[in-house]
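File shown: structure-v4.txt (compact mmCIF, C-alpha atoms and all ligand atoms).
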# COMPACT_ATOMS: atom_id res chain seq x y z
CA MET A 1 -8.92 11.64 -39.71
CA SER A 2 -5.49 13.22 -39.25
CA PRO A 3 -4.52 13.83 -35.62
CA GLN A 4 -4.14 17.55 -36.33
CA LEU A 5 -7.78 17.90 -37.35
CA THR A 6 -9.11 15.83 -34.48
CA PRO A 7 -10.29 17.79 -31.46
CA ARG A 8 -7.82 17.22 -28.65
CA ILE A 9 -8.51 16.83 -24.97
CA ASN A 10 -6.46 16.46 -21.79
CA ILE A 11 -6.62 13.18 -19.89
CA ALA A 12 -5.81 13.02 -16.17
CA ILE A 13 -4.95 9.64 -14.65
CA ASP A 14 -4.54 9.67 -10.87
CA GLY A 15 -4.25 6.93 -8.30
CA PRO A 16 -2.03 5.30 -5.67
CA ALA A 17 1.48 3.91 -6.20
CA GLY A 18 1.71 0.81 -8.39
CA ALA A 19 -1.82 0.96 -9.79
CA GLY A 20 -0.37 0.83 -13.31
CA LYS A 21 -0.87 4.52 -14.10
CA SER A 22 2.32 5.08 -16.06
CA THR A 23 2.02 1.92 -18.19
CA VAL A 24 -1.62 2.65 -18.96
CA ALA A 25 -1.05 6.37 -19.54
CA ARG A 26 1.81 5.63 -21.95
CA MET A 27 -0.40 3.25 -23.95
CA VAL A 28 -3.26 5.75 -24.09
CA ALA A 29 -0.85 8.46 -25.29
CA ARG A 30 0.55 6.10 -27.94
CA ASP A 31 -2.91 5.14 -29.25
CA MET A 32 -4.23 8.68 -29.30
CA GLN A 33 -0.96 10.21 -30.51
CA TYR A 34 -0.86 12.39 -27.42
CA ILE A 35 2.04 13.45 -25.21
CA TYR A 36 2.55 11.46 -22.03
CA VAL A 37 3.61 13.37 -18.89
CA ASP A 38 4.75 11.36 -15.86
CA THR A 39 4.42 13.86 -13.00
CA GLY A 40 5.71 11.37 -10.40
CA ALA A 41 9.03 11.45 -12.28
CA MET A 42 9.17 15.20 -11.70
CA TYR A 43 8.74 14.84 -7.92
CA ARG A 44 11.28 12.02 -7.96
CA THR A 45 13.78 14.24 -9.78
CA VAL A 46 13.44 17.03 -7.21
CA THR A 47 13.86 14.43 -4.45
CA LEU A 48 16.99 12.92 -6.01
CA LYS A 49 18.60 16.30 -6.58
CA ALA A 50 17.74 17.50 -3.07
CA MET A 51 19.16 14.32 -1.53
CA GLU A 52 22.33 14.69 -3.59
CA ALA A 53 22.62 18.26 -2.36
CA GLY A 54 22.39 16.96 1.22
CA LEU A 55 18.99 18.54 1.86
CA SER A 56 16.25 16.97 3.96
CA ALA A 57 12.51 17.37 3.40
CA ASP A 58 12.40 19.59 6.51
CA GLU A 59 14.35 22.30 4.68
CA ALA A 60 11.33 23.45 2.70
CA SER A 61 12.62 26.78 1.47
CA ARG A 62 15.99 25.43 0.30
CA VAL A 63 14.28 22.52 -1.46
CA THR A 64 11.84 24.97 -3.07
CA ASP A 65 14.77 27.09 -4.33
CA LEU A 66 16.33 23.96 -5.79
CA ALA A 67 13.03 22.94 -7.47
CA GLU A 68 12.61 26.42 -8.93
CA SER A 69 16.06 26.51 -10.47
CA LEU A 70 16.06 22.91 -11.70
CA ASP A 71 15.64 22.34 -15.44
CA ILE A 72 13.54 19.17 -15.83
CA ARG A 73 12.91 17.74 -19.28
CA LEU A 74 10.73 14.74 -20.07
CA LEU A 75 11.72 13.13 -23.35
CA PRO A 76 9.49 10.45 -24.87
CA GLY A 77 11.18 7.16 -25.71
CA PRO A 78 10.26 3.54 -26.52
CA GLU A 79 11.20 2.36 -23.01
CA GLY A 80 9.15 5.05 -21.37
CA GLN A 81 10.16 8.54 -20.72
CA LYS A 82 13.71 9.80 -20.28
CA VAL A 83 14.14 12.33 -17.53
CA ILE A 84 16.88 14.92 -17.95
CA ALA A 85 17.69 17.16 -14.99
CA ASP A 86 20.05 20.07 -15.66
CA GLY A 87 21.30 18.20 -18.72
CA GLU A 88 21.93 14.90 -16.92
CA ASP A 89 19.98 11.67 -17.56
CA VAL A 90 18.51 10.67 -14.17
CA SER A 91 15.89 8.22 -15.55
CA SER A 92 17.11 5.18 -13.64
CA ARG A 93 18.38 6.92 -10.49
CA ILE A 94 14.97 8.42 -9.75
CA ARG A 95 13.58 4.84 -9.43
CA SER A 96 15.93 3.80 -6.58
CA LEU A 97 14.56 2.45 -3.29
CA GLU A 98 15.93 5.47 -1.45
CA VAL A 99 14.03 7.88 -3.72
CA ASN A 100 10.92 5.68 -3.36
CA ARG A 101 11.12 6.08 0.39
CA GLN A 102 11.82 9.81 0.44
CA VAL A 103 9.69 11.17 -2.40
CA SER A 104 6.41 11.50 -0.51
CA HIS A 105 8.13 13.66 2.12
CA PHE A 106 9.56 16.04 -0.47
CA ALA A 107 6.26 16.05 -2.39
CA LYS A 108 4.55 17.60 0.65
CA ILE A 109 6.45 20.87 0.27
CA GLU A 110 4.12 23.63 -0.93
CA GLY A 111 6.76 25.50 -2.95
CA VAL A 112 7.75 22.29 -4.73
CA ARG A 113 4.13 21.46 -5.56
CA ASN A 114 3.45 24.98 -6.85
CA ARG A 115 6.47 24.83 -9.11
CA MET A 116 5.65 21.36 -10.45
CA ALA A 117 1.98 22.27 -11.06
CA GLU A 118 3.05 25.40 -12.96
CA LEU A 119 5.35 23.35 -15.25
CA GLN A 120 2.65 20.69 -15.72
CA ARG A 121 -0.04 23.23 -16.66
CA ARG A 122 2.35 24.73 -19.19
CA MET A 123 2.84 21.31 -20.80
CA ALA A 124 -0.93 20.76 -21.04
CA LYS A 125 -1.79 24.18 -22.42
CA GLU A 126 -2.08 23.07 -26.03
CA LYS A 127 -4.15 19.98 -25.07
CA GLY A 128 -3.39 16.47 -26.29
CA VAL A 129 -1.72 15.42 -23.05
CA VAL A 130 -2.11 12.30 -20.93
CA MET A 131 -0.83 13.18 -17.47
CA ASP A 132 -0.52 10.75 -14.59
CA GLY A 133 -0.04 11.57 -10.91
CA ARG A 134 -1.92 12.08 -7.66
CA ASP A 135 -3.52 15.51 -7.98
CA ILE A 136 -3.93 16.02 -11.72
CA GLY A 137 -7.74 15.79 -11.88
CA THR A 138 -8.22 17.66 -8.59
CA HIS A 139 -5.60 20.45 -8.76
CA VAL A 140 -3.33 20.59 -11.77
CA LEU A 141 -5.90 20.17 -14.54
CA PRO A 142 -9.33 20.42 -12.88
CA ASP A 143 -10.78 21.13 -16.34
CA ALA A 144 -9.37 17.98 -17.95
CA GLU A 145 -12.08 16.57 -20.23
CA LEU A 146 -11.42 12.99 -19.10
CA LYS A 147 -10.41 12.02 -15.57
CA VAL A 148 -9.63 8.52 -14.40
CA PHE A 149 -8.86 7.32 -10.88
CA LEU A 150 -6.93 4.09 -11.33
CA THR A 151 -6.47 1.68 -8.47
CA ALA A 152 -5.68 -1.99 -7.71
CA SER A 153 -5.42 -4.15 -4.61
CA PRO A 154 -2.40 -3.38 -2.36
CA ARG A 155 -0.93 -6.88 -2.93
CA GLU A 156 -1.14 -6.57 -6.71
CA ARG A 157 0.39 -3.09 -6.61
CA ALA A 158 3.33 -4.35 -4.50
CA LEU A 159 3.77 -7.33 -6.83
CA ARG A 160 3.97 -5.09 -9.89
CA ARG A 161 6.62 -2.88 -8.28
CA PHE A 162 8.51 -5.99 -7.12
CA LYS A 163 8.67 -7.32 -10.68
CA GLU A 164 9.89 -3.94 -11.93
CA LEU A 165 12.89 -4.16 -9.59
CA GLY A 166 14.23 -7.18 -11.52
CA ASP A 167 16.50 -10.03 -10.35
CA ASN A 168 18.04 -8.23 -7.40
CA PRO A 169 15.13 -6.36 -5.88
CA GLY A 170 17.03 -5.65 -2.62
CA VAL A 171 13.74 -5.78 -0.75
CA THR A 172 11.10 -8.40 0.07
CA LEU A 173 7.58 -8.30 -1.31
CA GLU A 174 6.24 -7.82 2.22
CA GLN A 175 8.55 -4.86 2.84
CA LEU A 176 7.54 -3.36 -0.50
CA GLU A 177 3.86 -3.71 0.39
CA LYS A 178 4.55 -1.88 3.66
CA ASP A 179 6.51 0.87 1.86
CA ILE A 180 3.67 1.34 -0.64
CA ALA A 181 1.05 1.50 2.13
CA GLU A 182 3.14 4.10 3.94
CA ARG A 183 3.57 6.17 0.77
CA ASP A 184 -0.21 6.03 0.12
CA ARG A 185 -0.87 7.16 3.68
CA ILE A 186 1.47 10.16 3.40
CA ASP A 187 0.11 11.08 -0.06
CA GLN A 188 -3.51 10.85 1.16
CA GLU A 189 -2.98 12.71 4.42
CA ARG A 190 -0.88 15.64 3.24
CA GLU A 191 -2.42 19.09 3.50
CA ILE A 192 -1.77 20.32 -0.01
CA ALA A 193 -3.28 18.52 -3.00
CA PRO A 194 -3.65 15.11 -1.33
CA LEU A 195 -4.28 11.90 -3.22
CA VAL A 196 -8.06 11.76 -3.57
CA ARG A 197 -10.46 10.82 -6.33
CA ALA A 198 -11.93 13.86 -8.08
CA ALA A 199 -15.74 13.85 -7.87
CA ASP A 200 -15.94 13.65 -11.67
CA ALA A 201 -13.21 11.00 -12.14
CA ARG A 202 -14.14 7.56 -13.50
CA LEU A 203 -13.04 4.86 -11.07
CA VAL A 204 -11.13 1.99 -12.69
CA ASP A 205 -9.88 -1.02 -10.71
CA SER A 206 -7.04 -2.68 -12.63
CA THR A 207 -6.77 -5.74 -10.34
CA GLY A 208 -6.63 -8.82 -12.58
CA ARG A 209 -6.83 -6.77 -15.78
CA SER A 210 -4.07 -6.17 -18.29
CA ALA A 211 -2.73 -2.70 -18.95
CA GLU A 212 -3.86 -3.06 -22.59
CA GLN A 213 -7.44 -3.73 -21.50
CA VAL A 214 -7.53 -0.74 -19.17
CA ALA A 215 -5.87 1.53 -21.73
CA GLY A 216 -8.36 0.38 -24.39
CA GLU A 217 -11.25 1.38 -22.15
CA ILE A 218 -9.77 4.84 -21.54
CA VAL A 219 -9.03 5.38 -25.24
CA LYS A 220 -12.65 4.52 -26.03
CA TRP A 221 -13.87 7.10 -23.52
CA GLY A 222 -11.48 9.62 -25.05
CA GLN A 223 -12.83 8.90 -28.51
CA GLU A 224 -16.40 9.24 -27.26
CA ILE A 225 -15.59 12.65 -25.81
CA THR A 226 -13.81 13.88 -28.93
CA GLY A 227 -16.51 12.38 -31.15
CA THR A 228 -13.94 10.34 -33.08
CA ILE A 229 -15.30 6.87 -32.35
CA SER A 230 -16.87 5.12 -35.31
CA ALA A 231 -20.40 3.70 -35.07
CA GLU A 232 -19.23 0.08 -35.31
CA GLU A 233 -16.69 0.60 -32.50
CA LYS A 234 -19.33 1.84 -30.05
O1 LIG A 301 3.83 7.96 -9.46
P1 LIG A 301 5.12 7.81 -8.67
O2 LIG A 301 5.13 6.60 -7.79
O3 LIG A 301 6.34 7.88 -9.53
O4 LIG A 301 5.14 9.10 -7.71
C1 LIG A 301 6.15 9.30 -6.78
C2 LIG A 301 5.66 10.20 -5.65
O5 LIG A 301 5.52 11.53 -6.11
C3 LIG A 301 4.35 9.83 -4.99
O6 LIG A 301 4.52 8.98 -3.89
C4 LIG A 301 3.79 11.15 -4.55
C5 LIG A 301 4.42 12.15 -5.47
N1 LIG A 301 3.51 12.68 -6.48
C6 LIG A 301 2.68 13.71 -6.12
O7 LIG A 301 2.67 14.10 -4.95
N2 LIG A 301 1.88 14.31 -7.04
C7 LIG A 301 1.88 13.88 -8.30
N3 LIG A 301 1.08 14.49 -9.20
C8 LIG A 301 2.70 12.80 -8.69
C9 LIG A 301 3.49 12.21 -7.75
Can you dump the structure from the file as structure tokens?
Amino acid sequence: MSPQLTPRINIAIDGPAGAGKSTVARMVARDMQYIYVDTGAMYRTVTLKAMEAGLSADEASRVTDLAESLDIRLLPGPEGQKVIADGEDVSSRIRSLEVNRQVSHFAKIEGVRNRMAELQRRMAKEKGVVMDGRDIGTHVLPDAELKVFLTASPRERALRRFKELGDNPGVTLEQLEKDIAERDRIDQEREIAPLVRAADARLVDSTGRSAEQVAGEIVKWGQEITGTISAEEK
């Protein structure tokens, strides 16, 4: 069946830091020929730009102004998604330790969240989107046809992030585990759109499982919902 004729759905993948959301979401998008949207990258971009402008997360209205005027583009690529902010490639800078530590504070700002959610809903309007984040199934796309809450043990999540940082991580595994726990706490306790499993989200624990396995399971659910799974695959 050609992808154009296949009914398309939106898939929301939420969960804590390091659960493997972006790797899994990218694979699901690849297999279903959908568009992958990394919403964490959007909050990271606002954070980077605000920090570069000398703003702190306490300056909510100035950060909101910045978020509203910022042009953020997510471009698909083989190595993941390229993030272009006001014409500049910020893909690697948004992954720095400093952004990691600050992003949850900037992501608490209501004006920033409203702006990001508006852009995200626009991207999902035509369906055929796999979106990962913290509040996609609960707030951004509450009508998403398939919702997954992806998690893994704190140690495994820290280990995955540690490996991503390469040969010179600049941080110990223990420190990273603490940073991740702190980020989870802030994300879960914030007033607006906190990190929480949507009542209708399927819980998936990726501890000890490969990203391919988890993605395969989600693709199968997607195919069941769209009615595109063949009898022998069921
Ligand atoms: O997925 P990530 O680690 O790149 O996300 C970075 C931060 O952005 C995360 O700690 C909280 C925030 N975030 C959010 O508040 N809502 C989202 N939908 C996605 C990310």
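Using all atoms listed in the file, the smallest distance between any of A:Ala67, A:Val219, A:Ala12, A:Ile229 and ligand LIG 301 (chain A) comes from A:Ala12.
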Can I get the residues of stretch 2-44 of chain A within 9 Å of stretch 94-106 of chain A, each with the closest pair of atoms and their distance in Å to one decimal, using all atoms listed in the file, sorted chain first then ascending number, as a tab-separated table?
residue	atom	partner	partner_atom	distance
A:Gly40	CA	A:Val103	CA	8.9
A:Ala41	CA	A:Ile94	CA	7.1
A:Tyr43	CA	A:Val103	CA	6.7
A:Arg44	CA	A:Ile94	CA	5.5
Selection above as a file: C-alpha atoms, as a compact mmCIF listing (two decimals), keeping the file's coordinate frame:
# COMPACT_ATOMS: atom_id res chain seq x y z
CA GLY A 40 5.71 11.37 -10.40
CA ALA A 41 9.03 11.45 -12.28
CA TYR A 43 8.74 14.84 -7.92
CA ARG A 44 11.28 12.02 -7.96
**Prompt:** What's the 9 Å shell around stretch 109-125 of chain A, counting all atoms listed in the file, without same-chain residues fewer than 5 positions away, as a ChimeraX atom specification?
**Reply:** /A:10,35,37,39,42-43,46,57-58,60-61,63-68,130-131,136,139-141,192-193
Using the file's own x, y and z axes, so that the box edges lie along x, y and z, what centre and edge lengths in Å (one decimal) does a box around every listed atom of ligand LIG 301 (chain A) get when 3 Å is added on each side? Give it as AutoDock Vina command-line options.
--center_x 3.7 --center_y 10.5 --center_z -6.7 --size_x 11.3 --size_y 13.9 --size_z 11.6
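The shortest atom-to-atom distance to A:Asp200, with all atoms listed in the file taken into account, belongs to A:Lys147 out of A:Lys220, A:Arg183, A:Arg157, A:Lys147.
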**Fill in**
Judged by only C-alpha atoms, the minimum distance to A:Thr151 among A:Ala19, A:Ile9, A:Ala50, A:Ala201 is found for A:Ala19
**Message:** as an MDAnalysis selection string, please: the residues near A:Ile13 (cut-off 12 Å, all atoms listed in the file, same-chain neighbours under 2 positions excluded).
**Reply:** chainID A and resid 10:11 15:16 19:26 28:29 36:40 129:138 140:142 144:151 195:198 201:204 214:215 218
**Asked** With all atoms listed in the file as the atoms that count, which of A:Leu173, A:Ala152, A:Ile72, A:Ala17 lies nearest to A:Ala211?
**Response**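 Using all atoms listed in the file, the shortest distance to A:Ala211 belongs to A:Ala152.
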**Fill in**
Nearest to ligand LIG 301 (chain A), restricted to only C-alpha atoms and all ligand atoms and choosing among A:Gly87, A:Gly18, A:Gly216, A:Gly227, comes out as A:Gly18
